[in-house]
4 protein chains.
Amino acid sequence: MPRHPWDDDKLHEECGVFGVIGVTDASNFVALGLHALQHRGQEAGGIVCHRPDHGFNSARRFGYVRDNFTSQDVMETLPGPLAIGHVRYSTTGSKGSTAIRDVQPFFGEFSMGGAALAHNGNITNADALRRELIERGSIFQSSSDSECIIHLMARSLQKDIPDRMEDALRRVEGAFSVVAMTRTKLIGVRDPLGVRPLVLGKVADGWCLSSETCALDIIGAEFVREVEPGEMVVITDQGVDSRFPFRRRNSRFCIFEHVYFSRPDSIIGGRSVYETRRQIGVELAREAPVEADLVCPVPDSGTPAAIGFSQESGIPYAMGIIRNQYMGRTFIEPTEQIRNMGVRLKLNVNRALIKGKRVILVDDSVVRGTTSRKIKEMILDAGAAEVHFRIASPPTAWPCFYGVDTPQREKLLAATMSEEEMREHLAVDSLKFISLDGLYRAVGEAEGRKDDCPQFCDACFSGEYPVEPSDMIEKGFELKAAE
Amino acid sequence: MPRHPWDDDKLHEECGVFGVIGVTDASNFVALGLHALQHRGQEAGGIVCHRPDHGFNSARRFGYVRDNFTSQDVMETLPGPLAIGHVRYSTTGSKGSTAIRDVQPFFGEFSMGGAALAHNGNITNADALRRELIERGSIFQSSSDSECIIHLMARSLQKDIPDRMEDALRRVEGAFSVVAMTRTKLIGVRDPLGVRPLVLGKVADGWCLSSETCALDIIGAEFVREVEPGEMVVITDQGVDSRFPFRRRNSRFCIFEHVYFSRPDSIIGGRSVYETRRQIGVELAREAPVEADLVCPVPDSGTPAAIGFSQESGIPYAMGIIRNQYMGRTFIEPTEQIRNMGVRLKLNVNRALIKGKRVILVDDSVVRGTTSRKIKEMILDAGAAEVHFRIASPPTAWPCFYGVDTPQREKLLAATMSEEEMREHLAVDSLKFISLDGLYRAVGEAEGRKDDCPQFCDACFSGEYPVEPSDMIEKGFELKAAE
Amino acid sequence: MPRHPWDDDKLHEECGVFGVIGVTDASNFVALGLHALQHRGQEAGGIVCHRPDHGFNSARRFGYVRDNFTSQDVMETLPGPLAIGHVRYSTTGSKGSTAIRDVQPFFGEFSMGGAALAHNGNITNADALRRELIERGSIFQSSSDSECIIHLMARSLQKDIPDRMEDALRRVEGAFSVVAMTRTKLIGVRDPLGVRPLVLGKVADGWCLSSETCALDIIGAEFVREVEPGEMVVITDQGVDSRFPFRRRNSRFCIFEHVYFSRPDSIIGGRSVYETRRQIGVELAREAPVEADLVCPVPDSGTPAAIGFSQESGIPYAMGIIRNQYMGRTFIEPTEQIRNMGVRLKLNVNRALIKGKRVILVDDSVVRGTTSRKIKEMILDAGAAEVHFRIASPPTAWPCFYGVDTPQREKLLAATMSEEEMREHLAVDSLKFISLDGLYRAVGEAEGRKDDCPQFCDACFSGEYPVEPSDMIEKGFELKAAE
Amino acid sequence: MPRHPWDDDKLHEECGVFGVIGVTDASNFVALGLHALQHRGQEAGGIVCHRPDHGFNSARRFGYVRDNFTSQDVMETLPGPLAIGHVRYSTTGSKGSTAIRDVQPFFGEFSMGGAALAHNGNITNADALRRELIERGSIFQSSSDSECIIHLMARSLQKDIPDRMEDALRRVEGAFSVVAMTRTKLIGVRDPLGVRPLVLGKVADGWCLSSETCALDIIGAEFVREVEPGEMVVITDQGVDSRFPFRRRNSRFCIFEHVYFSRPDSIIGGRSVYETRRQIGVELAREAPVEADLVCPVPDSGTPAAIGFSQESGIPYAMGIIRNQYMGRTFIEPTEQIRNMGVRLKLNVNRALIKGKRVILVDDSVVRGTTSRKIKEMILDAGAAEVHFRIASPPTAWPCFYGVDTPQREKLLAATMSEEEMREHLAVDSLKFISLDGLYRAVGEAEGRKDDCPQFCDACFSGEYPVEPSDMIEKGFELKAAE
């Protein structure tokens, strides 16, 4: 299953969620919504639905939505006006040998009826919760942190499911955007900090919930508003009911959603993601100008920032690197070694264009740095005169514990090297990252970052974690020393 | 199997060919080469190889190269230092229910040994040749026109296979770039007009032949030169031997290879395809300027021309349409009709960007016009103020009979409508195609088209067929009336 | 997936269980054991195993053991010296759309470690137990009655797993032969009546548990003894420990295991199953003699009784009906109706042999009677002079609630018809069932059935249920009226 | 794909053929017919059909008929009132890596229309014919000997297809029962000796041809007669036309069809195959009596002869060996060696029955002897007092070149050992084969074999080849020295 070209060397959003109520064949809508959210999780997907005379039905599959939830055979088993779905990368569940039982939504049968639940985010006290629940006799089906929520709900003394969900989520720490359903209700919740996104849409006579607005577009839904941090919406055929079960806090939305995770055609915080990224390029060109002949994006995620950089700098934009549309990762290497073969399966340098030129390469981030090295080599092999890297995010120096798949801290290039050391490591003519303030400006905070009360979660850049990652600390993770 | 987003509404190159000699595990090279040529044929692929102690082996499969020719299991059955391969769309063979036996390379066992053959192009007298061969007792395995060549070879009185191939190809009319192999030789031939491309490369101690240079890059081969129109190269471990078996004629390379078929990172006629396409955009901006706020490509094939148009016009370039990386074509439509659902699976409009703007959309061609209509609707739905189409090729008014899959003439929008009628049909604010002369200029012919002796095959635009399509005429096709 | 030829018209054993401890690669032994027990459950199979450094691993699959648990790829994921497995028909779980989550063994993680469990039998108070457990916050993964056991174990206050299992099983009513495992123990239990079989074997330096002895033979294990009714054996590398956690009762082994369920090469109660069946034929010949030319078995289950009938009566034994070894069930019926096509896919009459003959057909049982009718028609079509049915079991008039898949009572031919009515319904020259006493004699009870204290469970014949089927009674099932 | 239990150690019939004309959806009949002939070829199957408005269609697949030709999807692609089919073991084509192109029927397009052809038998001068045809320019698609026929037909100067087929078959030596079709005709031919079987049946308003009568039964067809040795029948909607294109010779039907190849419910030469085999057992009991307690068949092919032996000798018949109905061949052997594991997957000894008994084992043939050894060991392991082998055919000392898959002569136990040596090799108490005369008597030749003019082909026993195996002699095979 081919992925983004640089999957090995990117941070990954780990999940996308989608739900719809009040339409005919809700599962078809969910399948389309998940397809539009596939970039948030390519490994597996699941749908649960309900129809009064058929009860709950579900399907969980490894692989792409387009391969699993498109045939009449499968979709006929998923009838009804109410459905939720989930796509995932490998999550905190068993890495490597992920089992199908780790694929969400999770389902539980309670005495007042069944409920299903799909979670985007990560629960930072899941290990402790799991131990406690097992001690009391719960049997876990999966290795996923998200399953804690459904067991907490099963043991709640409340009489109806939304109340049980409140009960459960008040025990949970970390980041969560949850879409859930009962026989008659579609429920959406965001954690008090609103780390992960969740939006509300209107489609025909029904309603939908989605991680991003791009999934509203595919089903022709109207974007109504974002679910607010700390808000729970309970949607029935009577309409949308809003509650705020948690203590209010200042929101800390993930700033990396703007940089890379979200699709460029989504709208976040009232802003076009594409436009924000283009603006990052503009800021970069201001912060770190350099003389050159061409501005080239590292496809595809570097493209909007490269356009912005070109427009601000006046240096022509060009497609110096062409992405293979039929990506693969598993070809057998011919006996004679091909330099950077893995890269060549995904990209090719536009040799005739690059030769003799001073090239600015714009990329969204540097994680391990392995890919950046290979691209630089390909560009030089093609005869470029100079190579300058411009990165549309600050150095990624800290792991994320809120639902993003990051390498261990020691694998992050920026955790162990200064900018100049990284430049030497990559052996390029220059390397510049956008500043944290520059990034905040590009995202619309004209004053930059308020250090005493940051407007976003930027833990991956700053090491400041808005929710203490307690399970990880127990396992030995060391927080940034107070200064 | 997802394809280009507008597959239904594009002309398709029907084949790509690749061959290599003198390397260890030649099939692995061929698999990589075919992967790089996958855009020339996505439906099926095949590889034939030879090793002295294993004889000839082959594998033919439907689907992508990356799915079929990447496992150890398959590739171990394809040993040896000499191999050729082929990727194809559905060709002139049985449409719809294409059989695996139509998948090339074709193989024939002759008294002096076996030979395999892969063909890019189309034989315009194949029906007549087939009738004649059957009459004499040949049994055809496939419905492919290309099989005629191997039967003609089987019946040749010549003693060695290259000579038999000359014999056979002198009976053949039409367009052909052929890669063939015997137990010890790799052979490449282009028809006298050189309609389809074929290039020669050097890799390690061996040689390779490929439809395009982008496939040389993936295996780290050096681009040596194009095989010339009318040339046959016979490559052994002694080196490359060149012959010219046909009567010399002026070459007529397919100009649409520059416009759409070839990959932007390939080099044709010494020119970067990407740069040629950008130059088409420049010419378009000169020929058909218009006031607007944004220049947006129709992804992905319109991108280089859109960049050129933006640079020449000074109107900002923007990604107004975002392509879904996980394309699908088969989702089940929810009961409530979604307008243009098929399009939405592949593209989404960047609504926040487009709203209220005057938008120039740059596309490579208009064939049936069905897709252009849908894109226009999506753009207007998103609130664009004006929509102007600029097309990087002249109106496509005639079918191709030289190895390109085109609709019947009556399905071509430009065959029945004037430019203004097309504009009305598409209901856009303006619609302009580049002129034939403008296209020739962009391709490097500063003087434009020499009408008495055109430098390219442009039959799809001009209706002037450099080789008479005799089978088609027999079936009732009417040539353009002489003026 | 082809099954026994008369699957539609037979009672089915619903499960087979197998476990092994103290051997290298225990899963390979379990795979072989399950293969030998495949007749007890053809729909799906599962294996759970444990190795200290790999923890628990499992695989659950639909289809035959030979297709799922034979490849290196699968078996390498199942390492360790301790493993259990299960094969099943559709059980009391969701009929029709059985989900993979209904496939056993079931697994639970407890605070003192994990345990897995495979169950042959049926829990007659499962509905009530499930309601109670859900009320307390347990979440069920499956629709299987067997899952109750693992949830009861999760909530037990006992400190080790065998003690928790005792706790759990004392709450359970019905029939159960359970094989379970912890990280270091293999556990086997039979319900107090010992309705379903379970045997203990010795293999190399380890031990195994199996539903039948035929599965000991395939792995070269020595048959040690049957696990006794009401006994729990806990096997570690220290040896076999035996307990009797339940109140002692007289055993009531399922007599139908002798008639049909068990394989003829198994040994039950110290007797060869084959020999018991042959003896049933002998008893039948004594009880219901008839003049005829040939004794033919209905293949394959009628064969041993037919041999016995022939030997006792002196009428020659012959293969009048030949079974197709490549059975199928899904051929498309040609437009012209073929009489009894479904039967013809599985059987063919030996026409040249049957023609003009008086034929005795020996079958093991009559359930719905649909198959018996079709066979009779085929025999008559082939020209038989007379057809006499002799049935190796008494009339099946009552459903089984102890782990056997039986039609509802009203679908059982013998529930609504007398023997003579059945004869008329089948339109045969004569029809005779063995008497209940005759069957008991054949099984070794020289005195026949002790009606005040029957030696076996024969509820399907007698309507006397040794354990009250409480869930079924709640659903409206009516017990036989007391006389 | 499981096969007969002793596939490694049996001779195999290599093909079965079936054809039908004049019915609706002929392919469905062919699928059923091939299913009934599956024992003649389990590796692959193919169907070709014709309907005037759809032309010829075909499907060729590896695996069982029941898995490939039963779905609506496949069968809908095979419409029309006329169809032929073929099942095959690996034939003389490329062993091991059999390609799908070797799967029959073969098809050729001639100037007067297409023809398809399926062949049971073997062409003994195929190598010479192939060389000649290639020299003249024919291109072979397969490595099958049968393809020669269609190329000979393509080159015939005759005007219609049956005449071309006569032309072709007069050049062919060896054994052939051919079923062929044109757009309007169903054709059947047997070689002059009639080595392989072919029968004619009547079904509804149409006709069918089949290798055996058992395939007539499954579709409810009436058995009309055998196609005669040297006869060609040409069937149209006008009826059956018979011709005799070859010089008349005495027929030499394959006697091994009676012993093993044909199904017991087929009728050959007016005799029930089952009854013939039972009679072989009777003859064996007369020729080679022995004192014993039980007569047990080696399942399943030894069963009829064992019944006959028991009836003649008065020694009780018993199922001492039970065959596993769910055969497999690929289980991974547990680390501790299991003796004769391969055998255990297929068979199990009825230990309780065998223990302490003197056992006569009746098998149909001994080829390599490997299986006989393993069975003997299992029987002794189970505690048998004595083991006596009785074999229902004479010693197999010569390979077959007429369409049966036999090991090379040096691998045949009887080629290198006397009966006594074989007994010692197998280490049994006694070993007796039926005599050639005894076999002839059982097949109905009361006088036994006429040595100067044998009534059957018995080359595998006698070394007397009725058609010179010229290709094999060229490759070094040595005929039996004249005495």
# chains A, B, ... in the order shown; residues from 1 in each chain; ligands from 1
>>> residues_around(residues="stretch 111-124 of chain C", least_positions_apart="5", cutoff="9 Å", atoms="only C-alpha atoms", output="number ranges by chain")
A: 131, 134-137; C: 13-18, 48-49, 56, 84-86, 88, 91-92, 104-106, 145-150, 154, 159-161, 172-183, 187, 195-197, 211, 401-404, 467-472
>>> residues_around(residues="A:Ala292", least_positions_apart="6", cutoff="8 Å", atoms="only C-alpha atoms", output="PyMOL selection string")
chain A and resi 315+357-360
>>> residues_around(residues="D:Asn324", least_positions_apart="5", cutoff="8 Å", atoms="only C-alpha atoms", output="compact mmCIF listing (two decimals) with N, CA and C atoms, in the first residue's frame")
# COMPACT_ATOMS: atom_id res chain seq x y z
N ALA C 36 -8.02 -33.12 12.14
CA ALA C 36 -8.63 -34.43 12.40
C ALA C 36 -10.03 -34.29 13.01
N LEU D 345 -2.36 -37.43 7.35
CA LEU D 345 -3.26 -36.34 6.94
C LEU D 345 -4.43 -36.88 6.13
N LYS D 346 -4.23 -38.05 5.56
CA LYS D 346 -5.23 -38.58 4.64
C LYS D 346 -5.95 -39.79 5.21
N LEU D 347 -5.24 -40.58 5.99
CA LEU D 347 -5.81 -41.83 6.47
C LEU D 347 -5.55 -41.98 7.96
N ASN D 348 -6.37 -42.78 8.59
CA ASN D 348 -6.09 -43.20 9.95
C ASN D 348 -6.49 -44.66 10.09
>>> residues_around(residues="B:Pro264", least_positions_apart="3", cutoff="12 Å", atoms="only C-alpha atoms", output="PyMOL selection string")
(chain A and resi 318-324+347-353) or (chain B and resi 36-37+39+212-214+257-261+267-268+271-278+300-305)
>>> write_last_selection(atoms="N, CA and C atoms", output="short mmCIF file (atom, residue, chain, number, x, y, z; two decimals), in the first residue's frame")
data_model
loop_
_atom_site.label_atom_id
_atom_site.label_comp_id
_atom_site.auth_asym_id
_atom_site.auth_seq_id
_atom_site.Cartn_x
_atom_site.Cartn_y
_atom_site.Cartn_z
N ALA A 318 9.04 26.62 -10.01
CA ALA A 318 9.18 25.58 -11.04
C ALA A 318 9.04 24.20 -10.41
N MET A 319 8.54 23.25 -11.24
CA MET A 319 8.43 21.87 -10.76
C MET A 319 9.73 21.14 -11.03
N GLY A 320 10.68 21.31 -10.13
CA GLY A 320 11.99 20.72 -10.34
C GLY A 320 12.02 19.25 -9.97
N ILE A 321 11.02 18.84 -9.18
CA ILE A 321 10.93 17.44 -8.77
C ILE A 321 9.54 16.96 -9.17
N ILE A 322 9.47 15.86 -9.89
CA ILE A 322 8.19 15.34 -10.37
C ILE A 322 7.85 14.09 -9.56
N ARG A 323 6.65 14.05 -9.07
CA ARG A 323 6.22 12.91 -8.28
C ARG A 323 5.59 11.85 -9.19
N ASN A 324 5.98 10.62 -8.99
CA ASN A 324 5.38 9.50 -9.72
C ASN A 324 3.97 9.26 -9.18
N LEU A 347 9.84 9.85 -6.78
CA LEU A 347 10.14 11.15 -7.35
C LEU A 347 11.16 11.01 -8.47
N ASN A 348 11.19 12.01 -9.32
CA ASN A 348 12.27 12.12 -10.29
C ASN A 348 12.61 13.59 -10.44
N VAL A 349 13.87 13.85 -10.60
CA VAL A 349 14.29 15.23 -10.81
C VAL A 349 14.10 15.59 -12.27
N ASN A 350 13.64 16.80 -12.48
CA ASN A 350 13.47 17.32 -13.83
C ASN A 350 14.83 17.81 -14.30
N ARG A 351 15.64 16.87 -14.77
CA ARG A 351 17.06 17.14 -14.98
C ARG A 351 17.32 18.31 -15.90
N ALA A 352 16.60 18.35 -17.00
CA ALA A 352 16.85 19.40 -17.99
C ALA A 352 16.59 20.78 -17.40
N LEU A 353 15.72 20.83 -16.40
CA LEU A 353 15.35 22.11 -15.80
C LEU A 353 16.36 22.55 -14.74
N ALA B 36 7.99 3.42 -14.27
CA ALA B 36 8.17 4.82 -14.66
C ALA B 36 7.36 5.16 -15.90
N LEU B 37 6.97 4.15 -16.67
CA LEU B 37 6.18 4.37 -17.89
C LEU B 37 4.70 4.06 -17.68
N HIS B 39 2.22 5.66 -16.78
CA HIS B 39 1.25 6.62 -17.33
C HIS B 39 0.92 6.34 -18.78
N GLU B 212 10.50 6.48 -22.99
CA GLU B 212 10.81 7.83 -22.54
C GLU B 212 12.06 7.83 -21.66
N THR B 213 12.65 9.00 -21.55
CA THR B 213 13.87 9.11 -20.74
C THR B 213 13.58 9.01 -19.24
N CYS B 214 12.35 9.31 -18.81
CA CYS B 214 12.08 9.24 -17.37
C CYS B 214 12.32 7.83 -16.83
N GLU B 257 2.59 14.00 -27.80
CA GLU B 257 3.52 13.54 -26.76
C GLU B 257 4.02 14.74 -25.96
N HIS B 258 4.27 15.86 -26.64
CA HIS B 258 4.70 17.07 -25.94
C HIS B 258 3.59 17.64 -25.07
N VAL B 259 2.37 17.59 -25.59
CA VAL B 259 1.24 18.24 -24.90
C VAL B 259 0.81 17.47 -23.66
N TYR B 260 0.74 16.13 -23.76
CA TYR B 260 0.09 15.39 -22.68
C TYR B 260 0.69 14.02 -22.39
N PHE B 261 1.01 13.24 -23.44
CA PHE B 261 1.31 11.83 -23.19
C PHE B 261 2.57 11.64 -22.34
N ILE B 267 12.71 13.94 -21.58
CA ILE B 267 13.34 14.83 -22.56
C ILE B 267 13.00 14.29 -23.94
N ILE B 268 12.40 15.15 -24.79
CA ILE B 268 12.07 14.74 -26.16
C ILE B 268 12.68 15.74 -27.11
N ARG B 271 14.53 18.55 -25.66
CA ARG B 271 13.84 19.55 -24.86
C ARG B 271 13.16 18.91 -23.65
N SER B 272 13.16 19.63 -22.54
CA SER B 272 12.40 19.20 -21.37
C SER B 272 10.91 19.30 -21.68
N VAL B 273 10.19 18.23 -21.47
CA VAL B 273 8.75 18.24 -21.73
C VAL B 273 8.07 19.26 -20.82
N TYR B 274 8.51 19.31 -19.56
CA TYR B 274 7.94 20.28 -18.64
C TYR B 274 8.11 21.69 -19.18
N GLU B 275 9.33 22.00 -19.67
CA GLU B 275 9.63 23.35 -20.14
C GLU B 275 8.81 23.68 -21.39
N THR B 276 8.62 22.67 -22.27
CA THR B 276 7.77 22.87 -23.45
C THR B 276 6.35 23.23 -23.02
N ARG B 277 5.84 22.50 -22.05
CA ARG B 277 4.47 22.76 -21.60
C ARG B 277 4.35 24.13 -20.93
N ARG B 278 5.39 24.51 -20.15
CA ARG B 278 5.36 25.84 -19.56
C ARG B 278 5.35 26.87 -20.68
N ASP B 300 -3.59 17.08 -12.89
CA ASP B 300 -2.24 17.60 -12.75
C ASP B 300 -1.69 18.04 -14.09
N SER B 301 -2.36 17.63 -15.18
CA SER B 301 -1.71 17.85 -16.49
C SER B 301 -1.70 19.31 -16.91
N GLY B 302 -2.57 20.15 -16.34
CA GLY B 302 -2.57 21.56 -16.73
C GLY B 302 -1.52 22.40 -16.00
N THR B 303 -0.84 21.80 -15.03
CA THR B 303 0.02 22.58 -14.15
C THR B 303 1.15 23.33 -14.85
N PRO B 304 1.99 22.68 -15.68
CA PRO B 304 3.10 23.46 -16.27
C PRO B 304 2.60 24.63 -17.13
N ALA B 305 1.56 24.41 -17.92
CA ALA B 305 1.07 25.51 -18.76
C ALA B 305 0.49 26.62 -17.90
#
>>> atom_distance(atom1="atom CA of C:Thr406", atom2="atom CA of C:Arg190")
22.0 Å
>>> select_by_dssp(residues="stretch 133-229 of chain C", states="alpha helix (DSSP H)", output="PyMOL selection string")
chain C and resi 133-135+147-155+161-170+214-218
>>> residues_around(residues="D:Glu419", least_positions_apart="3", cutoff="9 Å", atoms="only C-alpha atoms", output="MDAnalysis selection string")
chainID D and resid 395 414 422:424 431:433
>>> residues_around(residues="B:Val227", least_positions_apart="2", cutoff="8 Å", atoms="only C-alpha atoms", output="list of chain:residue names")
B:Gly188, B:Val189, B:Arg190, B:Leu198, B:Val199, B:Leu200, B:Arg225, B:Pro229, B:Glu231, B:Met232, B:Val233
>>> select_by_dssp(residues="stretch 79-197 of chain C", states="strand (DSSP E)", output="PyMOL selection string")
chain C and resi 82-88+106-110+113-123+174-181+186-190
>>> write_last_selection(atoms="N, CA and C atoms", output="short mmCIF file (atom, residue, chain, number, x, y, z; two decimals), in the first residue's frame")
data_model
loop_
_atom_site.label_atom_id
_atom_site.label_comp_id
_atom_site.auth_asym_id
_atom_site.auth_seq_id
_atom_site.Cartn_x
_atom_site.Cartn_y
_atom_site.Cartn_z
N LEU C 82 2.68 -24.00 24.05
CA LEU C 82 1.36 -24.17 24.64
C LEU C 82 0.35 -23.53 23.70
N ALA C 83 -0.67 -24.28 23.31
CA ALA C 83 -1.66 -23.74 22.37
C ALA C 83 -2.98 -24.49 22.51
N ILE C 84 -4.07 -23.80 22.23
CA ILE C 84 -5.37 -24.45 22.14
C ILE C 84 -6.05 -24.01 20.85
N GLY C 85 -7.04 -24.81 20.42
CA GLY C 85 -7.74 -24.47 19.18
C GLY C 85 -9.18 -24.95 19.19
N HIS C 86 -9.91 -24.50 18.21
CA HIS C 86 -11.35 -24.73 18.17
C HIS C 86 -11.79 -24.77 16.72
N VAL C 87 -12.66 -25.70 16.36
CA VAL C 87 -13.35 -25.64 15.07
C VAL C 87 -14.84 -25.57 15.36
N ARG C 88 -15.59 -24.88 14.50
CA ARG C 88 -17.01 -24.72 14.77
C ARG C 88 -17.86 -24.74 13.50
N PHE C 106 -11.84 -17.77 22.76
CA PHE C 106 -11.98 -16.43 23.31
C PHE C 106 -10.80 -16.14 24.24
N PHE C 107 -10.47 -14.86 24.32
CA PHE C 107 -9.31 -14.48 25.12
C PHE C 107 -9.69 -13.36 26.07
N GLY C 108 -9.17 -13.39 27.27
CA GLY C 108 -9.37 -12.29 28.20
C GLY C 108 -8.07 -11.99 28.93
N GLU C 109 -7.81 -10.69 29.11
CA GLU C 109 -6.64 -10.27 29.87
C GLU C 109 -7.12 -9.97 31.28
N PHE C 110 -6.62 -10.70 32.26
CA PHE C 110 -6.97 -10.45 33.66
C PHE C 110 -5.79 -9.80 34.36
N GLY C 113 -2.88 -11.99 34.45
CA GLY C 113 -2.41 -12.50 33.17
C GLY C 113 -3.57 -12.95 32.29
N GLY C 114 -3.24 -13.34 31.06
CA GLY C 114 -4.28 -13.66 30.10
C GLY C 114 -4.74 -15.11 30.18
N ALA C 115 -5.91 -15.37 29.63
CA ALA C 115 -6.41 -16.73 29.51
C ALA C 115 -7.22 -16.84 28.23
N ALA C 116 -7.15 -18.02 27.61
CA ALA C 116 -7.93 -18.27 26.40
C ALA C 116 -8.74 -19.53 26.61
N LEU C 117 -9.83 -19.67 25.90
CA LEU C 117 -10.81 -20.69 26.22
C LEU C 117 -11.57 -21.12 24.97
N ALA C 118 -11.73 -22.43 24.80
CA ALA C 118 -12.49 -22.97 23.67
C ALA C 118 -13.53 -23.94 24.23
N HIS C 119 -14.74 -23.85 23.72
CA HIS C 119 -15.88 -24.53 24.34
C HIS C 119 -16.60 -25.40 23.32
N ASN C 120 -16.83 -26.65 23.67
CA ASN C 120 -17.71 -27.52 22.89
C ASN C 120 -18.92 -27.82 23.77
N GLY C 121 -20.10 -27.52 23.26
CA GLY C 121 -21.31 -27.72 24.04
C GLY C 121 -22.23 -26.54 23.89
N ASN C 122 -23.10 -26.35 24.85
CA ASN C 122 -23.98 -25.19 24.81
C ASN C 122 -24.42 -24.86 26.22
N ILE C 123 -24.42 -23.55 26.52
CA ILE C 123 -24.81 -23.10 27.85
C ILE C 123 -26.29 -22.77 27.82
N GLY C 174 -25.83 -26.49 31.49
CA GLY C 174 -25.80 -27.00 30.12
C GLY C 174 -24.67 -27.98 29.93
N ALA C 175 -24.21 -28.07 28.69
CA ALA C 175 -23.17 -29.04 28.34
C ALA C 175 -21.91 -28.29 27.98
N PHE C 176 -20.80 -28.72 28.57
CA PHE C 176 -19.56 -28.07 28.19
C PHE C 176 -18.38 -28.99 28.36
N SER C 177 -17.62 -29.10 27.28
CA SER C 177 -16.27 -29.63 27.36
C SER C 177 -15.39 -28.46 26.96
N VAL C 178 -14.60 -27.97 27.91
CA VAL C 178 -13.83 -26.75 27.71
C VAL C 178 -12.34 -27.08 27.74
N VAL C 179 -11.60 -26.49 26.78
CA VAL C 179 -10.15 -26.51 26.83
C VAL C 179 -9.70 -25.06 26.99
N ALA C 180 -8.86 -24.81 27.98
CA ALA C 180 -8.43 -23.44 28.23
C ALA C 180 -6.93 -23.41 28.47
N MET C 181 -6.37 -22.20 28.45
CA MET C 181 -4.94 -22.07 28.73
C MET C 181 -4.64 -20.73 29.40
N LEU C 186 -2.39 -25.76 30.79
CA LEU C 186 -3.43 -26.23 29.89
C LEU C 186 -4.52 -26.84 30.76
N ILE C 187 -5.74 -26.41 30.55
CA ILE C 187 -6.84 -26.83 31.42
C ILE C 187 -7.93 -27.49 30.60
N GLY C 188 -8.49 -28.58 31.12
CA GLY C 188 -9.63 -29.23 30.47
C GLY C 188 -10.73 -29.48 31.50
N VAL C 189 -11.97 -29.24 31.11
CA VAL C 189 -13.10 -29.48 32.02
C VAL C 189 -14.25 -30.11 31.25
N ARG C 190 -14.95 -31.02 31.89
CA ARG C 190 -16.22 -31.53 31.34
C ARG C 190 -17.33 -31.23 32.35
#
>>> interface_residues(of="chain A", to="chain B", cutoff="6 Å", atoms="only C-alpha atoms", output="list in words")
Asn28, Arg66, Thr70, Ile218, Asp265, Ser272, Gly328, Thr330, Phe331, Ile332, Pro334, Arg344, Asn350 and Ala352 of chain A
>>> atom_distance(atom1="atom CA of A:Ile100", atom2="atom CA of C:Phe140")
16.6 Å
>>> residues_around(residues="B:Asp163", least_positions_apart="3", cutoff="12 Å", atoms="only C-alpha atoms", output="number ranges by chain")
B: 152-160, 166-170, 187, 232-234, 243-245
>>> closest_residue(among="C:Ile235, C:Cys453, C:Val366, C:Ala446", to="C:Ile21", atoms="only C-alpha atoms")
C:Ile235
